[in-house]
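Next comes work-v3.txt, a file with compact mmCIF, C-alpha atoms and all ligand atoms.
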```txt
# COMPACT_ATOMS: atom_id res chain seq x y z
CA MET A 1 94.35 85.97 143.39
CA SER A 2 91.14 85.58 145.27
CA TRP A 3 87.88 86.90 143.92
CA ALA A 4 86.15 86.00 147.23
CA LEU A 5 84.93 89.57 147.77
CA ILE A 6 83.19 89.60 144.41
CA PRO A 7 81.30 86.36 143.96
CA LEU A 8 81.13 85.54 140.26
CA THR A 9 78.18 83.81 138.66
CA GLU A 10 78.73 80.48 136.90
CA GLU A 11 78.53 82.32 133.53
CA GLN A 12 81.13 84.86 134.67
CA ARG A 13 83.46 82.09 135.85
CA GLU A 14 83.09 80.36 132.50
CA ILE A 15 83.94 83.56 130.59
CA GLN A 16 86.85 84.20 132.95
CA ARG A 17 88.18 80.67 132.27
CA THR A 18 87.77 81.10 128.52
CA ALA A 19 89.56 84.47 128.52
CA ALA A 20 92.37 83.19 130.74
CA GLU A 21 92.83 80.07 128.60
CA PHE A 22 92.83 82.12 125.38
CA ALA A 23 95.38 84.54 126.84
CA ARG A 24 97.59 81.68 128.08
CA SER A 25 97.58 79.73 124.82
CA GLU A 26 97.21 82.35 122.06
CA ILE A 27 98.77 85.51 123.51
CA ALA A 28 101.34 84.65 126.18
CA PRO A 29 103.73 82.74 123.86
CA HIS A 30 104.10 85.85 121.66
CA SER A 31 103.88 88.79 124.08
CA ASP A 32 107.59 89.31 124.67
CA LEU A 33 108.39 89.31 120.96
CA TRP A 34 105.46 91.62 120.15
CA ASP A 35 106.70 93.98 122.86
CA ARG A 36 110.31 93.89 121.66
CA GLN A 37 109.40 94.39 118.03
CA ALA A 38 106.41 96.68 118.66
CA THR A 39 104.26 94.32 116.60
CA PHE A 40 100.50 94.60 116.51
CA ASP A 41 98.98 91.22 115.70
CA ARG A 42 95.64 91.86 113.99
CA GLY A 43 95.12 88.08 113.77
CA VAL A 44 94.84 87.68 117.51
CA LEU A 45 92.07 90.29 117.58
CA ALA A 46 90.30 88.49 114.74
CA ARG A 47 90.34 85.30 116.83
CA MET A 48 89.08 87.25 119.83
CA GLY A 49 86.26 88.47 117.60
CA GLU A 50 85.38 84.88 116.70
CA LEU A 51 85.11 84.07 120.41
CA GLY A 52 82.87 87.09 121.06
CA PHE A 53 85.41 89.20 122.98
CA LEU A 54 84.91 92.16 120.64
CA GLY A 55 81.15 92.27 120.99
CA MET A 56 80.80 91.60 124.67
CA LEU A 57 78.47 94.54 125.37
CA LEU A 58 76.57 94.43 122.07
CA PRO A 59 73.15 92.74 121.99
CA PRO A 60 72.76 89.38 120.22
CA GLU A 61 70.75 91.05 117.40
CA TYR A 62 74.10 92.59 116.36
CA ASP A 63 76.01 89.34 116.90
CA GLY A 64 77.20 90.47 120.33
CA LEU A 65 77.22 88.46 123.53
CA GLY A 66 74.86 90.91 125.27
CA LEU A 67 76.75 90.72 128.54
CA ASP A 68 76.78 93.17 131.41
CA THR A 69 79.68 95.46 132.24
CA CYS A 70 80.92 93.36 135.18
CA THR A 71 81.26 90.24 133.03
CA TYR A 72 83.06 92.17 130.29
CA LEU A 73 85.55 93.55 132.82
CA VAL A 74 86.24 90.07 134.21
CA ALA A 75 87.35 88.98 130.72
CA LEU A 76 89.31 92.18 130.12
CA GLU A 77 91.31 91.74 133.33
CA GLU A 78 92.33 88.22 132.24
CA ILE A 79 93.61 89.47 128.88
CA ALA A 80 95.41 92.42 130.53
CA ALA A 81 97.12 90.14 133.04
CA VAL A 82 98.89 88.50 130.09
CA ASP A 83 99.20 91.33 127.58
CA ALA A 84 98.14 94.91 128.30
CA SER A 85 98.61 95.89 124.64
CA VAL A 86 95.99 93.42 123.43
CA ALA A 87 93.79 94.47 126.34
CA VAL A 88 93.74 98.14 125.36
CA ALA A 89 92.56 97.34 121.83
CA MET A 90 89.81 95.18 123.38
CA SER A 91 88.90 97.91 125.87
CA VAL A 92 88.73 100.78 123.39
CA HIS A 93 86.75 98.71 120.86
CA ASN A 94 84.18 97.41 123.37
CA SER A 95 83.81 100.56 125.48
CA LEU A 96 83.96 103.39 122.98
CA PRO A 97 83.18 103.02 119.23
CA THR A 98 80.81 100.05 119.45
CA GLN A 99 78.89 101.57 122.36
CA MET A 100 78.72 104.98 120.70
CA ILE A 101 77.24 103.54 117.50
CA LEU A 102 74.82 101.38 119.49
CA ARG A 103 73.69 104.31 121.61
CA TRP A 104 73.58 107.20 119.16
CA GLY A 105 73.81 105.60 115.72
CA THR A 106 70.98 105.53 113.19
CA ALA A 107 69.42 102.17 112.28
CA GLU A 108 71.47 102.26 109.07
CA GLN A 109 74.74 102.96 110.93
CA ARG A 110 74.05 100.15 113.41
CA GLU A 111 73.25 97.76 110.56
CA ARG A 112 76.39 98.69 108.66
CA PHE A 113 78.94 98.62 111.44
CA LEU A 114 77.91 96.71 114.55
CA ARG A 115 77.85 93.13 113.28
CA PRO A 116 81.30 93.23 111.68
CA MET A 117 82.60 95.02 114.75
CA ALA A 118 81.13 92.40 117.10
CA ARG A 119 82.71 89.64 115.01
CA GLY A 120 86.10 91.37 114.99
CA GLU A 121 86.08 91.89 111.22
CA MET A 122 86.14 95.65 111.82
CA LEU A 123 88.25 97.04 114.62
CA GLY A 124 87.19 100.32 116.22
CA ALA A 125 89.18 103.36 117.35
CA PHE A 126 88.35 106.64 119.10
CA ALA A 127 89.95 109.89 117.95
CA LEU A 128 89.45 112.78 120.35
CA SER A 129 92.94 114.07 121.30
CA GLU A 130 95.05 116.27 119.07
CA PRO A 131 98.67 117.39 119.32
CA GLU A 132 97.52 120.62 121.04
CA ALA A 133 94.39 119.25 122.73
CA GLY A 134 95.04 116.50 125.30
CA SER A 135 93.61 117.05 128.79
CA ASP A 136 91.78 120.10 127.45
CA ALA A 137 89.87 118.01 124.94
CA ALA A 138 87.27 120.71 124.23
CA SER A 139 89.96 122.88 122.64
CA LEU A 140 90.28 120.51 119.68
CA ARG A 141 90.78 122.14 116.29
CA MET A 142 89.85 119.51 113.72
CA GLN A 143 87.42 121.24 111.37
CA ALA A 144 84.36 119.75 109.71
CA GLU A 145 82.62 121.91 107.13
CA ARG A 146 79.37 120.98 105.46
CA ASP A 147 79.52 120.70 101.66
CA GLY A 148 76.38 119.27 100.04
CA ASP A 149 75.93 115.64 101.09
CA CYS A 150 79.29 115.53 102.83
CA TRP A 151 81.27 116.98 105.68
CA VAL A 152 84.84 117.93 104.79
CA LEU A 153 87.31 117.12 107.58
CA ASN A 154 90.69 118.79 107.98
CA GLY A 155 93.14 118.40 110.85
CA THR A 156 95.24 115.98 112.85
CA LYS A 157 94.28 113.53 115.59
CA ALA A 158 96.89 112.26 118.02
CA TRP A 159 97.44 109.30 120.37
CA VAL A 160 94.88 107.15 118.56
CA THR A 161 94.99 103.61 119.93
CA SER A 162 94.75 101.05 117.07
CA GLY A 163 94.41 104.03 114.68
CA SER A 164 96.63 102.49 112.00
CA ASP A 165 94.70 99.23 111.91
CA ALA A 166 91.13 100.22 112.71
CA GLU A 167 88.40 99.96 110.11
CA VAL A 168 86.01 102.28 112.00
CA ILE A 169 87.19 105.47 113.67
CA LEU A 170 84.97 107.74 115.72
CA VAL A 171 86.30 111.24 115.11
CA MET A 172 85.41 114.34 117.10
CA ALA A 173 85.55 117.50 114.96
CA ARG A 174 84.43 121.10 115.21
CA THR A 175 81.29 121.71 113.16
CA ASP A 176 80.56 125.15 114.57
CA SER A 177 83.42 127.53 115.04
CA ALA A 178 81.33 130.68 115.49
CA ALA A 179 83.05 132.70 118.18
CA GLU A 180 80.25 132.53 120.74
CA ARG A 181 79.99 128.77 120.42
CA ARG A 182 83.64 127.77 120.60
CA GLY A 183 84.42 125.02 123.06
CA ALA A 184 82.53 121.87 123.91
CA ARG A 185 79.26 122.81 122.18
CA GLY A 186 80.51 123.16 118.61
CA ILE A 187 81.87 119.60 118.38
CA SER A 188 80.29 116.68 116.49
CA THR A 189 81.22 113.01 116.04
CA PHE A 190 81.78 111.32 112.68
CA ILE A 191 82.13 107.68 111.73
CA VAL A 192 85.20 107.60 109.50
CA THR A 193 86.47 104.61 107.54
CA PRO A 194 90.09 104.55 106.34
CA ASP A 195 89.12 103.93 102.70
CA LEU A 196 87.90 107.55 102.39
CA PRO A 197 90.27 109.65 100.26
CA GLY A 198 92.17 112.14 102.43
CA PHE A 199 92.69 109.72 105.33
CA HIS A 200 96.38 109.30 106.17
CA VAL A 201 98.06 107.40 108.98
CA GLY A 202 100.81 109.67 110.32
CA LYS A 203 103.54 109.25 112.89
CA LYS A 204 103.56 106.02 114.89
CA GLU A 205 104.67 106.70 118.46
CA ASP A 206 107.72 104.84 119.78
CA LYS A 207 106.43 104.21 123.28
CA MET A 208 107.91 103.20 126.64
CA GLY A 209 105.24 100.57 127.21
CA LEU A 210 102.21 99.04 125.53
CA ARG A 211 104.54 98.64 122.60
CA ALA A 212 102.40 96.05 120.83
CA SER A 213 99.49 98.49 120.64
CA PRO A 214 99.94 100.95 117.78
CA THR A 215 99.41 104.57 118.84
CA VAL A 216 99.36 106.89 115.86
CA GLN A 217 98.56 110.30 114.53
CA LEU A 218 95.86 110.47 111.89
CA ASN A 219 95.86 113.22 109.27
CA PHE A 220 92.67 114.32 107.55
CA ASP A 221 93.24 116.21 104.34
CA ASN A 222 89.96 117.42 102.83
CA LEU A 223 88.46 114.07 103.81
CA ARG A 224 84.86 113.99 102.57
CA VAL A 225 82.73 111.95 104.91
CA PRO A 226 79.10 111.36 103.86
CA ALA A 227 76.58 113.32 105.94
CA ALA A 228 75.01 109.96 106.79
CA ASN A 229 78.14 109.25 108.87
CA LEU A 230 77.43 112.02 111.37
CA LEU A 231 76.78 110.27 114.67
CA GLY A 232 73.75 111.50 116.59
CA GLY A 233 73.06 115.20 116.89
CA GLU A 234 75.20 117.94 115.42
CA GLY A 235 77.10 119.73 118.20
CA LYS A 236 76.66 116.88 120.68
CA GLY A 237 79.98 115.17 120.01
CA PHE A 238 81.81 116.39 123.08
CA VAL A 239 79.12 115.22 125.47
CA TYR A 240 79.05 111.85 123.66
CA ALA A 241 82.83 111.60 124.08
CA MET A 242 82.63 112.39 127.80
CA GLN A 243 79.76 109.98 128.41
CA SER A 244 81.64 107.29 126.52
CA LEU A 245 84.80 107.91 128.52
CA ASP A 246 82.79 107.22 131.69
CA ASN A 247 82.55 103.67 130.32
CA GLY A 248 86.02 103.61 128.79
CA ARG A 249 87.64 104.47 132.10
CA LEU A 250 86.16 101.34 133.68
CA GLY A 251 87.92 99.34 130.96
CA ILE A 252 91.24 101.04 131.68
CA ALA A 253 90.75 100.34 135.38
CA ALA A 254 90.29 96.64 134.56
CA GLN A 255 93.39 96.75 132.38
CA ALA A 256 95.38 98.32 135.24
CA LEU A 257 94.02 95.68 137.60
CA GLY A 258 95.17 92.90 135.29
CA ILE A 259 98.68 94.39 135.11
CA ALA A 260 98.84 94.79 138.91
CA ARG A 261 97.54 91.29 139.56
CA ALA A 262 100.09 89.76 137.21
CA ALA A 263 102.89 91.66 138.98
CA LEU A 264 101.71 90.39 142.36
CA GLU A 265 101.51 86.80 141.11
CA HIS A 266 105.01 86.94 139.64
CA ALA A 267 106.42 88.57 142.79
CA THR A 268 104.77 86.06 145.11
CA ARG A 269 106.15 83.11 143.14
CA TYR A 270 109.58 84.68 142.94
CA ALA A 271 109.63 85.39 146.69
CA ALA A 272 109.06 81.68 147.33
CA GLU A 273 111.83 80.59 144.93
CA ARG A 274 114.53 83.18 145.49
CA ARG A 275 116.87 82.36 148.37
CA GLN A 276 119.12 84.86 150.14
CA PHE A 277 120.78 84.61 153.56
CA GLY A 278 120.00 80.90 153.57
CA LYS A 279 116.23 81.03 153.13
CA PRO A 280 113.51 81.98 150.64
CA ILE A 281 113.05 85.77 150.67
CA LYS A 282 109.32 85.29 151.40
CA GLU A 283 110.37 84.50 154.95
CA PHE A 284 111.55 88.06 155.46
CA GLN A 285 108.92 90.39 156.86
CA ALA A 286 110.06 93.21 154.57
CA ILE A 287 108.95 91.09 151.59
CA GLN A 288 105.78 89.85 153.28
CA PHE A 289 104.70 93.41 154.07
CA LYS A 290 105.22 94.49 150.48
CA LEU A 291 103.18 91.56 149.16
CA ALA A 292 100.46 92.19 151.75
CA ASP A 293 100.17 95.85 150.74
CA MET A 294 100.14 94.93 147.04
CA ALA A 295 97.32 92.41 147.59
CA THR A 296 95.33 94.86 149.71
CA ARG A 297 95.49 97.66 147.14
CA ILE A 298 94.58 95.28 144.30
CA THR A 299 91.60 93.93 146.23
CA ALA A 300 90.44 97.47 147.03
CA SER A 301 90.80 98.46 143.34
CA ARG A 302 88.74 95.49 142.29
CA ALA A 303 86.03 96.15 144.87
CA LEU A 304 85.74 99.78 143.73
CA LEU A 305 85.71 98.83 140.05
CA TYR A 306 83.00 96.20 140.42
CA ALA A 307 80.87 98.50 142.58
CA ALA A 308 81.13 101.14 139.83
CA ALA A 309 80.39 98.61 137.09
CA ALA A 310 77.37 97.29 139.00
CA ALA A 311 76.09 100.87 139.34
CA LYS A 312 76.44 101.27 135.57
CA ASP A 313 74.57 98.02 134.99
CA ARG A 314 71.77 99.36 137.22
CA GLY A 315 71.61 102.41 134.94
CA GLU A 316 72.92 104.85 137.58
CA PRO A 317 75.26 107.78 136.81
CA ILE A 318 78.86 106.69 137.17
CA THR A 319 80.99 109.69 136.13
CA GLN A 320 82.55 110.06 139.57
CA PHE A 321 82.86 106.34 140.34
CA SER A 322 84.35 105.64 136.96
CA SER A 323 87.03 108.31 137.53
CA MET A 324 87.66 106.98 141.04
CA SER A 325 88.04 103.43 139.72
CA LYS A 326 90.43 104.45 136.96
CA LEU A 327 92.45 106.70 139.28
CA PHE A 328 92.77 104.13 142.05
CA ALA A 329 93.44 101.14 139.81
CA SER A 330 96.03 102.91 137.66
CA GLU A 331 97.94 104.33 140.61
CA THR A 332 97.74 100.87 142.19
CA ALA A 333 99.18 99.30 139.03
CA MET A 334 102.10 101.74 139.01
CA TRP A 335 102.77 101.24 142.72
CA VAL A 336 102.39 97.46 142.64
CA THR A 337 104.66 97.02 139.61
CA THR A 338 107.27 99.23 141.30
CA GLN A 339 107.16 97.00 144.40
CA ALA A 340 107.34 93.88 142.23
CA ILE A 341 110.54 95.13 140.63
CA GLN A 342 111.96 95.83 144.08
CA ILE A 343 111.20 92.26 145.17
CA PHE A 344 112.92 90.90 142.06
CA GLY A 345 115.88 93.21 142.69
CA GLY A 346 118.29 93.33 139.74
CA TYR A 347 116.31 90.59 137.98
CA GLY A 348 113.30 92.92 137.97
CA TYR A 349 115.25 95.49 136.02
CA VAL A 350 116.03 93.27 133.04
CA LYS A 351 113.85 92.14 130.18
CA GLU A 352 114.40 88.47 130.95
CA TYR A 353 111.77 88.64 133.72
CA PRO A 354 108.15 89.68 133.19
CA VAL A 355 107.82 92.48 135.74
CA GLU A 356 109.91 94.90 133.68
CA ARG A 357 107.25 94.96 130.92
CA LEU A 358 104.42 95.17 133.45
CA PHE A 359 106.06 98.25 135.00
CA ARG A 360 106.39 99.93 131.60
CA ASP A 361 102.85 98.99 130.62
CA ALA A 362 101.37 100.24 133.90
CA LYS A 363 102.51 103.83 133.43
CA VAL A 364 100.19 104.75 130.59
CA THR A 365 97.11 103.77 132.62
CA GLU A 366 97.81 106.94 134.67
CA ILE A 367 97.83 108.96 131.46
CA TYR A 368 95.36 107.89 128.78
CA GLU A 369 91.57 108.17 128.88
CA GLY A 370 92.27 111.13 131.18
CA THR A 371 95.34 111.60 133.36
CA SER A 372 95.18 111.02 137.11
CA GLU A 373 94.96 114.79 137.50
CA ILE A 374 91.91 114.94 135.19
CA GLN A 375 90.26 112.11 137.16
CA ARG A 376 90.80 114.12 140.36
CA ILE A 377 89.22 117.17 138.68
CA VAL A 378 86.19 115.11 137.64
CA ILE A 379 85.86 113.63 141.14
CA ALA A 380 86.20 117.01 142.84
CA ARG A 381 83.70 118.71 140.48
CA GLU A 382 81.08 116.12 141.35
CA LEU A 383 81.67 116.82 145.05
CA PHE A 384 81.05 120.52 144.50
CA ALA A 385 78.06 119.86 142.23
CA ARG A 386 76.42 117.83 144.98
CA GLY A 387 77.57 120.21 147.74
CA GLU A 388 79.37 117.40 149.58
N1 LIG B 401 78.88 112.97 131.04
C1 LIG B 401 77.99 113.77 130.39
N2 LIG B 401 78.25 115.04 130.03
C2 LIG B 401 79.46 115.53 130.37
C3 LIG B 401 80.42 114.76 131.06
C4 LIG B 401 80.09 113.43 131.40
N3 LIG B 401 80.94 112.63 132.03
N4 LIG B 401 81.52 115.53 131.25
C5 LIG B 401 81.26 116.73 130.71
N5 LIG B 401 80.01 116.73 130.18
C6 LIG B 401 79.33 117.82 129.49
C7 LIG B 401 79.09 119.00 130.44
O1 LIG B 401 77.89 118.85 131.17
C8 LIG B 401 79.03 120.15 129.47
O2 LIG B 401 77.79 120.14 128.81
P1 LIG B 401 76.99 121.54 128.58
O3 LIG B 401 77.88 122.34 127.69
O4 LIG B 401 75.73 121.11 127.93
O5 LIG B 401 76.82 122.15 129.93
C9 LIG B 401 80.06 119.76 128.40
O6 LIG B 401 80.19 118.33 128.47
C10 LIG B 401 81.40 120.39 128.63
O7 LIG B 401 81.87 119.94 129.88
P2 LIG B 401 82.91 120.74 130.76
O8 LIG B 401 82.51 122.18 130.85
O9 LIG B 401 83.10 119.99 132.03
O10 LIG B 401 84.23 120.65 129.84
P3 LIG B 401 85.70 121.01 130.13
O11 LIG B 401 86.26 121.64 128.92
O12 LIG B 401 85.81 121.74 131.43
O13 LIG B 401 86.43 119.55 130.21
C11 LIG B 401 87.30 117.59 131.25
C12 LIG B 401 86.16 118.61 131.13
C13 LIG B 401 86.82 116.64 132.31
C14 LIG B 401 88.60 118.22 131.67
C15 LIG B 401 87.47 116.86 129.89
O14 LIG B 401 88.04 117.71 128.93
C16 LIG B 401 88.30 115.61 129.99
O15 LIG B 401 87.81 114.57 130.39
N6 LIG B 401 89.60 115.68 129.58
C17 LIG B 401 90.43 114.51 129.43
C18 LIG B 401 90.33 114.01 128.02
C19 LIG B 401 90.51 112.55 127.93
O16 LIG B 401 90.12 111.78 128.79
N7 LIG B 401 91.05 112.13 126.81
C20 LIG B 401 91.19 110.76 126.54
C21 LIG B 401 91.52 110.57 125.12
S1 LIG B 401 90.88 109.08 124.51
C22 LIG B 401 91.98 107.88 124.88
O17 LIG B 401 92.91 108.04 125.59
C23 LIG B 401 91.54 106.58 124.31
C24 LIG B 401 92.62 105.66 124.00
O18 LIG B 401 92.99 105.58 122.85
C25 LIG B 401 93.14 104.73 125.01
```
Represent the structure of the file as structure tokens.
Ligand code: CAA
Amino acid sequence: MSWALIPLTEEQREIQRTAAEFARSEIAPHSDLWDRQATFDRGVLARMGELGFLGMLLPPEYDGLGLDTCTYLVALEEIAAVDASVAVAMSVHNSLPTQMILRWGTAEQRERFLRPMARGEMLGAFALSEPEAGSDAASLRMQAERDGDCWVLNGTKAWVTSGSDAEVILVMARTDSAAERRGARGISTFIVTPDLPGFHVGKKEDKMGLRASPTVQLNFDNLRVPAANLLGGEGKGFVYAMQSLDNGRLGIAAQALGIARAALEHATRYAAERRQFGKPIKEFQAIQFKLADMATRITASRALLYAAAAAKDRGEPITQFSSMSKLFASETAMWVTTQAIQIFGGYGYVKEYPVERLFRDAKVTEIYEGTSEIQRIVIARELFARGE
């Protein structure tokens, strides 16, 4: 679908072509099987690392491509249009752990982790949520107690994307549980590697969609993480997580956009092929109106997302725009995939046609990295803060 509203540079078009070609040749042939069998293919991410897709926002000194946010999102949308499960691993890795280490890591932490992460030799994950702390992330209970040169971590993280396969996990834990400092201020961030004794991969979720992306619980049982793995300042972990999610939510918006765009493309082609009452169904206004509304909402989502990403690239605050982008794109993806199924009729409801998976995959974009309700809270708070 047309990108006319957002003129891409020659470099962006080249990256878009490369991502689309990679997705078509290396991902598309396997996506249905991966979805059916809930298989996570680490090899495909390794190849994406070789092409630079896992270090898109990292500077060349750390083997990254040093690209801006807009260019990264162009590539992410292409991957998501073919396989939203692969896209979420790419989004989390590029937006959260790599950026957190780049921004708040010590020179030693950046040296140790960023190059292998940029090359895709180490996959990153982000562990904030817990079984009892989802939308209310600041109520997390994972404990970290200082013991000599280490912090000792105890607790359970939940809903960790790529958590079973990641080599670097950014873990938010409570380092100060003194009564007066409970809540957001007593939380710190640790760089955890799965080789540390006491790290256990727990329950793997059996999900409705995004089945080829492993979502797991992680159990920490007296896990001793070296003090050198504390990221940034003690007690600043919650603010780091929130600031990082401002970026992460742009990635999820691009993922939602890719899903929605793919649904529109499939539905448009199907409407031209499928004949009922003696003519292709695209000749019925009921179908044309659906497709027109789908295209309009997708174009509006993209315009909002790229305006937000451009603001980020200019160094402006994006908390509200990022939430707006994620909210609008994810609700668009859910709405568009629902319409696509309606256009396919019974064929949309079976696994033989692609829109069934797109519909299942779309739903989680309204849930993770902050539900639609949380995005509305963030948007509304900013209105009140500015007295609008
Ligand atoms: N940027 C910078 N600082 C921020 C911030 C932001 N975007 N948002 C909050 N903060 C700061 C506040 O200024 C405050 O700092 P001070 O204490 O210094 O004043 C501190 O963080 C606490 O903020 P709040 O009082 O606003 O905290 P809250 O408890 O009311 O929670 C919330 C706010 C928006 C509801 C937050 O909890 C939230 O976003 N919840 C949703 C959680 C979420 O998105 N989880 C996603 C899990 S990760 C995931 O899904 C990844 C994946 O695998 C795909």
Counting only C-alpha atoms and all ligand atoms, name the residues that have an atom within 8 Å of an atom of ligand LIG 401 (chain B); the answer should be given as a tab-separated table (two decimals) with C-alpha atoms, in the frame of the given file.
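Dumped to selection-v4.tsv:
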```
chain	number	residue	atom	x	y	z
A	88	VAL	CA	93.74	98.14	125.36
A	92	VAL	CA	88.73	100.78	123.39
A	125	ALA	CA	89.18	103.36	117.35
A	126	PHE	CA	88.35	106.64	119.10
A	127	ALA	CA	89.95	109.89	117.95
A	128	LEU	CA	89.45	112.78	120.35
A	129	SER	CA	92.94	114.07	121.30
A	134	GLY	CA	95.04	116.50	125.30
A	135	SER	CA	93.61	117.05	128.79
A	136	ASP	CA	91.78	120.10	127.45
A	137	ALA	CA	89.87	118.01	124.94
A	138	ALA	CA	87.27	120.71	124.23
A	139	SER	CA	89.96	122.88	122.64
A	159	TRP	CA	97.44	109.30	120.37
A	160	VAL	CA	94.88	107.15	118.56
A	161	THR	CA	94.99	103.61	119.93
A	162	SER	CA	94.75	101.05	117.07
A	183	GLY	CA	84.42	125.02	123.06
A	184	ALA	CA	82.53	121.87	123.91
A	185	ARG	CA	79.26	122.81	122.18
A	215	THR	CA	99.41	104.57	118.84
A	238	PHE	CA	81.81	116.39	123.08
A	239	VAL	CA	79.12	115.22	125.47
A	240	TYR	CA	79.05	111.85	123.66
A	242	MET	CA	82.63	112.39	127.80
A	243	GLN	CA	79.76	109.98	128.41
A	244	SER	CA	81.64	107.29	126.52
A	245	LEU	CA	84.80	107.91	128.52
A	246	ASP	CA	82.79	107.22	131.69
A	248	GLY	CA	86.02	103.61	128.79
A	252	ILE	CA	91.24	101.04	131.68
A	319	THR	CA	80.99	109.69	136.13
A	367	ILE	CA	97.83	108.96	131.46
A	368	TYR	CA	95.36	107.89	128.78
A	369	GLU	CA	91.57	108.17	128.88
A	370	GLY	CA	92.27	111.13	131.18
A	371	THR	CA	95.34	111.60	133.36
A	374	ILE	CA	91.91	114.94	135.19
A	375	GLN	CA	90.26	112.11	137.16
A	377	ILE	CA	89.22	117.17	138.68
A	378	VAL	CA	86.19	115.11	137.64
```
Protein/DNA/RNA residues near (111.5, 102.1, 130.2), cut 9 Å, all atoms listed in the file, as a list in words: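 Residues found, by chain and rising number: Lys207, Met208, Gly209, Glu356, Arg357, Phe359 and Arg360 of chain A.
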For Gly202 of chain A: contacts at 9 Å, all atoms listed in the file, fewer than 3 positions along chain excluded, given as a PyMOL selection string: chain A and resi 156+164+216-219
Length of the atom CA of Ser91 of chain A to atom CA of Thr71 of chain A vector [Å]: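 Taking atom CA of Ser91 of chain A as the start and atom CA of Thr71 of chain A as the end point, the length is 13.0 Å.
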Residue among A:Arg115, A:Lys204, A:Arg146, A:Arg174 lying closest to Arg224 of chain A, counting all atoms listed in the file: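 Result for the nearest residue to Arg224 of chain A: A:Arg146.
The two atoms in question, atom CA of Ile379 of chain A and atom CA of Ser325 of chain A, are spaced 10.5 Å apart.
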